[in-house]
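See below for run.csv, which holds CSV, N, CA and C atoms.
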chain,number,residue,atom,x,y,z
I,252,MET,N,35.9,149.1,90.8
I,252,MET,CA,35.6,148.1,89.8
I,252,MET,C,34.1,147.8,89.9
I,253,SER,N,33.4,147.8,88.8
I,253,SER,CA,32.0,147.5,88.8
I,253,SER,C,31.7,146.0,88.7
I,254,ALA,N,30.5,145.6,88.9
I,254,ALA,CA,30.1,144.2,88.8
I,254,ALA,C,30.3,143.7,87.3
I,255,GLN,N,30.2,144.6,86.4
I,255,GLN,CA,30.4,144.2,85.0
I,255,GLN,C,31.9,143.9,84.7
I,256,ASP,N,32.8,144.6,85.4
I,256,ASP,CA,34.2,144.4,85.2
I,256,ASP,C,34.7,143.1,85.9
I,257,THR,N,33.9,142.6,86.9
I,257,THR,CA,34.3,141.4,87.6
I,257,THR,C,34.1,140.2,86.8
I,258,PRO,N,35.1,139.3,86.7
I,258,PRO,CA,34.9,138.0,85.9
I,258,PRO,C,33.8,137.2,86.6
I,259,ALA,N,33.1,136.4,85.8
I,259,ALA,CA,32.1,135.5,86.3
I,259,ALA,C,32.6,134.6,87.3
I,260,HIS,N,31.9,134.3,88.4
I,260,HIS,CA,32.3,133.3,89.4
I,260,HIS,C,32.5,131.9,88.7
I,261,PRO,N,33.5,131.2,89.1
I,261,PRO,CA,33.8,129.9,88.5
I,261,PRO,C,32.7,128.9,88.6
I,262,ARG,N,31.8,129.1,89.6
I,262,ARG,CA,30.6,128.1,89.7
I,262,ARG,C,29.8,128.1,88.4
I,263,HIS,N,29.8,129.1,87.6
I,263,HIS,CA,29.1,129.2,86.4
I,263,HIS,C,29.7,128.2,85.3
I,264,LEU,N,30.9,127.7,85.6
I,264,LEU,CA,31.6,126.8,84.7
I,264,LEU,C,31.3,125.3,85.1
I,265,LEU,N,30.7,125.1,86.2
I,265,LEU,CA,30.4,123.7,86.7
I,265,LEU,C,29.4,123.1,85.8
I,266,ALA,N,29.5,121.8,85.5
I,266,ALA,CA,28.6,121.0,84.7
I,266,ALA,C,27.5,120.6,85.6
I,267,GLU,N,26.3,121.1,85.5
I,267,GLU,CA,25.2,120.7,86.4
I,267,GLU,C,25.0,119.2,86.4
I,268,THR,N,25.2,118.5,85.3
I,268,THR,CA,25.0,117.1,85.2
I,268,THR,C,25.9,116.3,86.2
I,269,LEU,N,27.1,116.9,86.5
I,269,LEU,CA,28.0,116.3,87.4
I,269,LEU,C,27.8,116.6,88.8
I,270,GLY,N,26.8,117.4,89.1
I,270,GLY,CA,26.5,117.8,90.5
I,270,GLY,C,26.0,116.6,91.4
I,271,HIS,N,25.5,115.6,90.7
I,271,HIS,CA,25.0,114.4,91.5
I,271,HIS,C,26.3,113.6,91.9
I,272,PRO,N,26.3,113.2,93.2
I,272,PRO,CA,27.5,112.5,93.7
I,272,PRO,C,27.9,111.2,93.0
I,273,VAL,N,26.9,110.4,92.6
I,273,VAL,CA,27.2,109.2,91.8
I,273,VAL,C,27.7,109.5,90.4
I,274,ARG,N,27.1,110.5,89.8
I,274,ARG,CA,27.6,110.8,88.4
I,274,ARG,C,29.0,111.4,88.5
I,275,PHE,N,29.3,112.2,89.5
I,275,PHE,CA,30.6,112.8,89.7
I,275,PHE,C,31.6,111.7,89.9
I,276,SER,N,31.3,110.7,90.8
I,276,SER,CA,32.2,109.6,91.1
I,276,SER,C,32.4,108.7,89.9
I,277,LEU,N,31.3,108.5,89.1
I,277,LEU,CA,31.4,107.7,87.9
I,277,LEU,C,32.4,108.3,86.9
I,278,MET,N,32.2,109.6,86.7
I,278,MET,CA,33.1,110.3,85.7
I,278,MET,C,34.5,110.3,86.2
I,279,ALA,N,34.7,110.5,87.5
I,279,ALA,CA,36.1,110.4,88.1
I,279,ALA,C,36.7,109.1,87.8
I,280,ALA,N,36.0,108.0,88.0
I,280,ALA,CA,36.5,106.7,87.8
I,280,ALA,C,36.8,106.5,86.3
I,281,LEU,N,35.9,106.9,85.4
I,281,LEU,CA,36.1,106.7,84.0
I,281,LEU,C,37.3,107.6,83.5
I,282,ALA,N,37.6,108.7,84.1
I,282,ALA,CA,38.7,109.5,83.7
I,282,ALA,C,40.0,108.9,84.0
I,283,GLN,N,40.0,107.9,84.8
I,283,GLN,CA,41.3,107.2,85.2
I,283,GLN,C,41.6,106.0,84.4
I,284,THR,N,40.7,105.6,83.5
I,284,THR,CA,41.0,104.4,82.7
I,284,THR,C,40.3,104.5,81.3
I,285,GLU,N,40.7,103.6,80.4
I,285,GLU,CA,40.1,103.6,79.1
I,285,GLU,C,38.6,103.1,79.2
I,286,GLU,N,38.4,102.1,80.0
I,286,GLU,CA,37.0,101.5,80.0
I,286,GLU,C,36.9,100.8,81.3
I,287,PHE,N,35.7,100.7,81.8
I,287,PHE,CA,35.3,100.0,83.0
I,287,PHE,C,34.2,99.0,82.8
I,288,ASP,N,34.2,97.8,83.3
I,288,ASP,CA,33.1,97.0,83.2
I,288,ASP,C,32.1,97.4,84.3
I,289,PHE,N,30.8,97.2,84.0
I,289,PHE,CA,29.7,97.7,84.9
I,289,PHE,C,29.9,97.2,86.3
I,290,ALA,N,30.1,95.9,86.4
I,290,ALA,CA,30.1,95.3,87.8
I,290,ALA,C,31.3,95.8,88.6
I,291,THR,N,32.5,96.0,88.0
I,291,THR,CA,33.6,96.5,88.7
I,291,THR,C,33.3,97.9,89.1
I,292,LEU,N,32.8,98.7,88.2
I,292,LEU,CA,32.5,100.1,88.6
I,292,LEU,C,31.4,100.2,89.7
I,293,ARG,N,30.4,99.3,89.6
I,293,ARG,CA,29.3,99.3,90.6
I,293,ARG,C,30.0,99.0,92.0
I,294,ASP,N,30.8,98.0,92.0
I,294,ASP,CA,31.5,97.7,93.3
I,294,ASP,C,32.4,98.8,93.8
I,295,HIS,N,33.1,99.4,92.9
I,295,HIS,CA,34.0,100.5,93.2
I,295,HIS,C,33.3,101.7,93.8
I,296,LEU,N,32.1,102.0,93.2
I,296,LEU,CA,31.3,103.1,93.7
I,296,LEU,C,30.4,102.8,94.9
I,297,GLN,N,30.3,101.5,95.2
I,297,GLN,CA,29.5,101.0,96.3
I,297,GLN,C,28.0,101.4,96.1
I,298,VAL,N,27.5,101.1,94.9
I,298,VAL,CA,26.1,101.4,94.6
I,298,VAL,C,25.4,100.2,94.1
I,299,SER,N,24.1,100.2,94.0
I,299,SER,CA,23.4,99.1,93.5
I,299,SER,C,23.4,99.1,91.9
I,300,ASP,N,23.0,98.0,91.3
I,300,ASP,CA,22.9,98.0,89.8
I,300,ASP,C,21.9,99.1,89.3
I,301,SER,N,20.8,99.2,90.0
I,301,SER,CA,19.8,100.1,89.5
I,301,SER,C,20.3,101.6,89.7
I,302,VAL,N,21.0,101.9,90.8
I,302,VAL,CA,21.5,103.3,90.9
I,302,VAL,C,22.5,103.6,89.9
I,303,LEU,N,23.4,102.7,89.6
I,303,LEU,CA,24.5,102.9,88.6
I,303,LEU,C,23.8,103.0,87.2
I,304,SER,N,22.9,102.1,86.9
I,304,SER,CA,22.2,102.1,85.6
I,304,SER,C,21.5,103.4,85.4
I,305,LYS,N,20.8,103.9,86.4
I,305,LYS,CA,20.1,105.2,86.2
I,305,LYS,C,21.1,106.4,85.9
I,306,GLN,N,22.2,106.4,86.7
I,306,GLN,CA,23.2,107.5,86.5
I,306,GLN,C,24.0,107.3,85.2
I,307,VAL,N,24.2,106.1,84.8
I,307,VAL,CA,24.9,105.9,83.5
I,307,VAL,C,24.0,106.4,82.4
I,308,ALA,N,22.7,106.1,82.5
I,308,ALA,CA,21.7,106.5,81.5
I,308,ALA,C,21.7,108.0,81.4
I,309,ALA,N,21.7,108.7,82.5
I,309,ALA,CA,21.7,110.2,82.5
I,309,ALA,C,22.9,110.7,81.8
I,310,LEU,N,24.1,110.1,82.0
I,310,LEU,CA,25.3,110.6,81.4
I,310,LEU,C,25.4,110.2,79.9
I,311,GLU,N,24.8,109.1,79.6
I,311,GLU,CA,24.8,108.7,78.2
I,311,GLU,C,23.9,109.6,77.4
I,312,THR,N,22.8,110.0,78.0
I,312,THR,CA,21.8,110.9,77.3
I,312,THR,C,22.5,112.2,76.9
I,313,VAL,N,23.3,112.7,77.7
I,313,VAL,CA,24.0,114.0,77.4
I,313,VAL,C,25.3,113.8,76.6
I,314,GLY,N,25.6,112.6,76.4
I,314,GLY,CA,26.8,112.3,75.5
I,314,GLY,C,28.1,112.2,76.3
I,315,TYR,N,28.1,112.1,77.6
I,315,TYR,CA,29.4,112.0,78.3
I,315,TYR,C,29.9,110.6,78.5
I,316,VAL,N,29.0,109.6,78.3
I,316,VAL,CA,29.4,108.2,78.5
I,316,VAL,C,29.0,107.4,77.3
I,317,LYS,N,29.8,106.4,76.9
I,317,LYS,CA,29.4,105.5,75.9
I,317,LYS,C,29.3,104.1,76.5
I,318,VAL,N,28.2,103.4,76.2
I,318,VAL,CA,28.0,102.1,76.8
I,318,VAL,C,28.2,101.1,75.6
I,319,ARG,N,28.9,100.0,75.9
I,319,ARG,CA,29.2,98.9,75.0
I,319,ARG,C,28.7,97.6,75.6
I,320,LYS,N,27.9,96.9,74.9
I,320,LYS,CA,27.5,95.6,75.5
I,320,LYS,C,28.1,94.4,74.6
I,321,GLY,N,28.3,93.4,75.3
I,321,GLY,CA,28.9,92.2,74.6
I,321,GLY,C,28.8,91.0,75.5
I,322,PHE,N,29.6,90.0,75.2
I,322,PHE,CA,29.6,88.7,75.9
I,322,PHE,C,31.0,88.3,76.2
I,323,ILE,N,31.2,87.7,77.3
I,323,ILE,CA,32.4,86.9,77.6
I,323,ILE,C,31.9,85.5,77.8
I,324,GLY,N,32.2,84.7,76.8
I,324,GLY,CA,31.6,83.4,76.8
I,324,GLY,C,30.1,83.5,76.5
I,325,LYS,N,29.3,83.0,77.4
I,325,LYS,CA,27.9,83.1,77.2
I,325,LYS,C,27.3,84.2,78.2
I,326,ARG,N,28.2,84.8,79.0
I,326,ARG,CA,27.7,85.8,80.0
I,326,ARG,C,27.7,87.2,79.4
I,327,PRO,N,26.5,87.9,79.5
I,327,PRO,CA,26.5,89.2,79.0
I,327,PRO,C,27.3,90.2,79.9
I,328,ARG,N,27.9,91.2,79.2
I,328,ARG,CA,28.8,92.1,79.9
I,328,ARG,C,28.5,93.5,79.4
I,329,THR,N,28.6,94.5,80.2
I,329,THR,CA,28.5,95.9,79.8
I,329,THR,C,29.7,96.7,80.2
I,330,TRP,N,30.3,97.4,79.3
I,330,TRP,CA,31.5,98.3,79.5
I,330,TRP,C,31.1,99.7,79.3
I,331,LEU,N,31.7,100.6,80.1
I,331,LEU,CA,31.5,102.0,80.1
I,331,LEU,C,32.8,102.7,79.8
I,332,LYS,N,32.6,103.8,79.0
I,332,LYS,CA,33.8,104.6,78.6
I,332,LYS,C,33.3,106.1,78.6
I,333,ALA,N,34.2,107.0,79.0
I,333,ALA,CA,33.9,108.4,78.9
I,333,ALA,C,34.1,108.8,77.4
I,334,THR,N,33.2,109.6,76.9
I,334,THR,CA,33.4,110.1,75.5
I,334,THR,C,34.4,111.2,75.5
I,335,LYS,N,34.9,111.6,74.3
I,335,LYS,CA,35.7,112.8,74.3
I,335,LYS,C,35.1,114.0,74.9
I,336,GLU,N,33.8,114.2,74.6
I,336,GLU,CA,33.0,115.3,75.2
I,336,GLU,C,33.0,115.1,76.7
I,337,GLY,N,32.7,113.9,77.2
I,337,GLY,CA,32.7,113.7,78.6
I,337,GLY,C,34.0,114.0,79.3
I,338,GLN,N,35.1,113.6,78.7
I,338,GLN,CA,36.4,113.9,79.2
I,338,GLN,C,36.7,115.4,79.3
I,339,ALA,N,36.3,116.1,78.3
I,339,ALA,CA,36.4,117.6,78.3
I,339,ALA,C,35.6,118.2,79.3
I,340,ILE,N,34.4,117.8,79.5
I,340,ILE,CA,33.5,118.4,80.5
I,340,ILE,C,34.1,118.0,81.9
I,341,TRP,N,34.5,116.8,82.1
I,341,TRP,CA,35.1,116.4,83.4
I,341,TRP,C,36.3,117.4,83.7
I,342,ARG,N,37.2,117.6,82.8
I,342,ARG,CA,38.4,118.4,83.0
I,342,ARG,C,37.9,119.9,83.3
I,343,SER,N,37.0,120.4,82.6
I,343,SER,CA,36.5,121.7,82.8
I,343,SER,C,35.8,121.8,84.2
I,344,HIS,N,35.0,120.8,84.6
I,344,HIS,CA,34.3,120.8,85.9
I,344,HIS,C,35.4,120.8,87.0
I,345,LEU,N,36.4,120.0,86.9
I,345,LEU,CA,37.4,119.9,87.9
I,345,LEU,C,38.2,121.2,88.0
I,346,ALA,N,38.5,121.8,86.9
I,346,ALA,CA,39.2,123.1,86.9
I,346,ALA,C,38.3,124.2,87.6
I,347,ALA,N,37.0,124.2,87.4
I,347,ALA,CA,36.1,125.1,88.0
I,347,ALA,C,36.1,124.9,89.5
I,348,LEU,N,36.1,123.6,90.0
I,348,LEU,CA,36.1,123.3,91.4
I,348,LEU,C,37.4,123.7,92.0
I,349,ARG,N,38.5,123.5,91.3
I,349,ARG,CA,39.8,124.0,91.9
I,349,ARG,C,39.8,125.5,92.0
I,350,GLU,N,39.3,126.2,91.0
I,350,GLU,CA,39.3,127.6,91.1
I,350,GLU,C,38.4,128.1,92.2
I,351,ILE,N,37.3,127.5,92.4
I,351,ILE,CA,36.4,127.9,93.5
I,351,ILE,C,37.1,127.7,94.8
I,352,ALA,N,37.7,126.5,95.0
I,352,ALA,CA,38.4,126.2,96.2
I,352,ALA,C,39.6,127.1,96.5
I,353,ALA,N,40.2,127.7,95.5
I,353,ALA,CA,41.4,128.6,95.6
I,353,ALA,C,40.9,130.0,95.7
I,354,ASP,N,39.7,130.3,95.4
I,354,ASP,CA,39.2,131.7,95.3
I,354,ASP,C,38.9,132.3,96.7
I,355,LEU,N,39.9,133.1,97.2
I,355,LEU,CA,39.7,133.8,98.5
I,355,LEU,C,39.9,135.2,98.4
Could you take the file, read its structure, and then write that structure out as structure tokens?
Amino acid sequence: MSAQDTPAHPRHLLAETLGHPVRFSLMAALAQTEEFDFATLRDHLQVSDSVLSKQVAALETVGYVKVRKGFIGKRPRTWLKATKEGQAIWRSHLAALREIAADL
């Protein structure tokens, strides 16, 4: 069997954007629910506001996360949601990781 006949290694299917541990964890959390408020997600991921904000911005730029801002009473709030594209990329990324882990 030649190298051309060998299927591409599953690592080529990984989403580079999700290689960062906080972005990976953020997408994992968003995949489990419809929407997360910023403070709850920050506490769950055990990161600072600035770290989460930077990683949310990176995911929002590529279209994986949607940010919604509003108020509860007079207090500003931010909610985060995985987009349909973000959900699809997350599933594909996890499938590639599983394939890599099972590849012996």
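Computed from the coordinates, the CA of Leu331 (chain I) to CA of Glu286 (chain I) distance equals 5.5 Å.
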Who sits within 6 Å of region 327-329 of chain I, only C-alpha atoms, same chain under 2 positions skipped, as a PDB file with N, CA and C atoms, in the coordinates of the input:
ATOM      1  N   ASP I 288      34.200  97.800  83.300  1.00  0.00           N
ATOM      2  CA  ASP I 288      33.100  97.000  83.200  1.00  0.00           C
ATOM      3  C   ASP I 288      32.100  97.400  84.300  1.00  0.00           C
ATOM      4  N   PHE I 289      30.800  97.200  84.000  1.00  0.00           N
ATOM      5  CA  PHE I 289      29.700  97.700  84.900  1.00  0.00           C
ATOM      6  C   PHE I 289      29.900  97.200  86.300  1.00  0.00           C
ATOM      7  N   ARG I 319      28.900 100.000  75.900  1.00  0.00           N
ATOM      8  CA  ARG I 319      29.200  98.900  75.000  1.00  0.00           C
ATOM      9  C   ARG I 319      28.700  97.600  75.600  1.00  0.00           C
ATOM     10  N   LYS I 320      27.900  96.900  74.900  1.00  0.00           N
ATOM     11  CA  LYS I 320      27.500  95.600  75.500  1.00  0.00           C
ATOM     12  C   LYS I 320      28.100  94.400  74.600  1.00  0.00           C
ATOM     13  N   GLY I 321      28.300  93.400  75.300  1.00  0.00           N
ATOM     14  CA  GLY I 321      28.900  92.200  74.600  1.00  0.00           C
ATOM     15  C   GLY I 321      28.800  91.000  75.500  1.00  0.00           C
ATOM     16  N   PHE I 322      29.600  90.000  75.200  1.00  0.00           N
ATOM     17  CA  PHE I 322      29.600  88.700  75.900  1.00  0.00           C
ATOM     18  C   PHE I 322      31.000  88.300  76.200  1.00  0.00           C
TER      19      PHE I 322
END
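One finds atom C of Lys305 (chain I) at 26.9 Å from CA of Gly324 (chain I).
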May I have all residues of chain I that DSSP, computed from the backbone, assigns to helix (DSSP H, G or I), given as a PyMOL selection string?
chain I and resi 261-264+267-270+272-281+289-296+300-312+335-353
Students should find that CA of Thr291 (chain I) and atom N of Lys325 (chain I) are spaced 18.1 Å
Would you list the contacts of Leu303 (chain I) as a PyMOL selection string, taking every protein, DNA or RNA residue within 9 Å and counting only C-alpha atoms, but skipping same-chain residues closer than 3 positions in sequence?
chain I and resi 273-274+277+289+292-293+296+298-300+306-308
Export N, CA and C atoms of the chosen residues as a PDB file, in the frame of the given file?
ATOM      1  N   VAL I 273      26.900 110.400  92.600  1.00  0.00           N
ATOM      2  CA  VAL I 273      27.200 109.200  91.800  1.00  0.00           C
ATOM      3  C   VAL I 273      27.700 109.500  90.400  1.00  0.00           C
ATOM      4  N   ARG I 274      27.100 110.500  89.800  1.00  0.00           N
ATOM      5  CA  ARG I 274      27.600 110.800  88.400  1.00  0.00           C
ATOM      6  C   ARG I 274      29.000 111.400  88.500  1.00  0.00           C
ATOM      7  N   LEU I 277      31.300 108.500  89.100  1.00  0.00           N
ATOM      8  CA  LEU I 277      31.400 107.700  87.900  1.00  0.00           C
ATOM      9  C   LEU I 277      32.400 108.300  86.900  1.00  0.00           C
ATOM     10  N   PHE I 289      30.800  97.200  84.000  1.00  0.00           N
ATOM     11  CA  PHE I 289      29.700  97.700  84.900  1.00  0.00           C
ATOM     12  C   PHE I 289      29.900  97.200  86.300  1.00  0.00           C
ATOM     13  N   LEU I 292      32.800  98.700  88.200  1.00  0.00           N
ATOM     14  CA  LEU I 292      32.500 100.100  88.600  1.00  0.00           C
ATOM     15  C   LEU I 292      31.400 100.200  89.700  1.00  0.00           C
ATOM     16  N   ARG I 293      30.400  99.300  89.600  1.00  0.00           N
ATOM     17  CA  ARG I 293      29.300  99.300  90.600  1.00  0.00           C
ATOM     18  C   ARG I 293      30.000  99.000  92.000  1.00  0.00           C
ATOM     19  N   LEU I 296      32.100 102.000  93.200  1.00  0.00           N
ATOM     20  CA  LEU I 296      31.300 103.100  93.700  1.00  0.00           C
ATOM     21  C   LEU I 296      30.400 102.800  94.900  1.00  0.00           C
ATOM     22  N   VAL I 298      27.500 101.100  94.900  1.00  0.00           N
ATOM     23  CA  VAL I 298      26.100 101.400  94.600  1.00  0.00           C
ATOM     24  C   VAL I 298      25.400 100.200  94.100  1.00  0.00           C
ATOM     25  N   SER I 299      24.100 100.200  94.000  1.00  0.00           N
ATOM     26  CA  SER I 299      23.400  99.100  93.500  1.00  0.00           C
ATOM     27  C   SER I 299      23.400  99.100  91.900  1.00  0.00           C
ATOM     28  N   ASP I 300      23.000  98.000  91.300  1.00  0.00           N
ATOM     29  CA  ASP I 300      22.900  98.000  89.800  1.00  0.00           C
ATOM     30  C   ASP I 300      21.900  99.100  89.300  1.00  0.00           C
ATOM     31  N   GLN I 306      22.200 106.400  86.700  1.00  0.00           N
ATOM     32  CA  GLN I 306      23.200 107.500  86.500  1.00  0.00           C
ATOM     33  C   GLN I 306      24.000 107.300  85.200  1.00  0.00           C
ATOM     34  N   VAL I 307      24.200 106.100  84.800  1.00  0.00           N
ATOM     35  CA  VAL I 307      24.900 105.900  83.500  1.00  0.00           C
ATOM     36  C   VAL I 307      24.000 106.400  82.400  1.00  0.00           C
ATOM     37  N   ALA I 308      22.700 106.100  82.500  1.00  0.00           N
ATOM     38  CA  ALA I 308      21.700 106.500  81.500  1.00  0.00           C
ATOM     39  C   ALA I 308      21.700 108.000  81.400  1.00  0.00           C
TER      40      ALA I 308
END
If you run DSSP on this backbone, which residues of region 297-347 of chain I come out as strand (DSSP E), and could you give them as JSON, numbers by chain?
{"I": [316, 317, 318, 319, 320, 321, 322, 323, 326, 327, 328, 329, 330, 331, 332, 333]}
Tell me which of I:Pro272, I:His295, I:Ala282, I:Arg262 sits closest to Trp341 (chain I), counting all atoms listed in the file.
I:Ala282
Which polymer residues have any atom within 8 Å of an atom of Gly337 (chain I), counting all atoms listed in the file, with same-chain residues fewer than 6 positions away left out, as a ChimeraX atom specification?
/I:278,282,313-316,343
Between I:Leu265, I:Thr257, I:Gln297, I:Glu311, single out the one closest to Ala346 (chain I), counting only N, CA and C atoms.
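When distances to Ala346 (chain I) are compared using only N, CA and C atoms, the smallest one comes from I:Leu265.
Shortest separation to Ala333 (chain I) among I:Phe287, I:Ala347, I:Pro261, I:Val302 occurs at residue I:Phe287, atoms counted being all atoms listed in the file.
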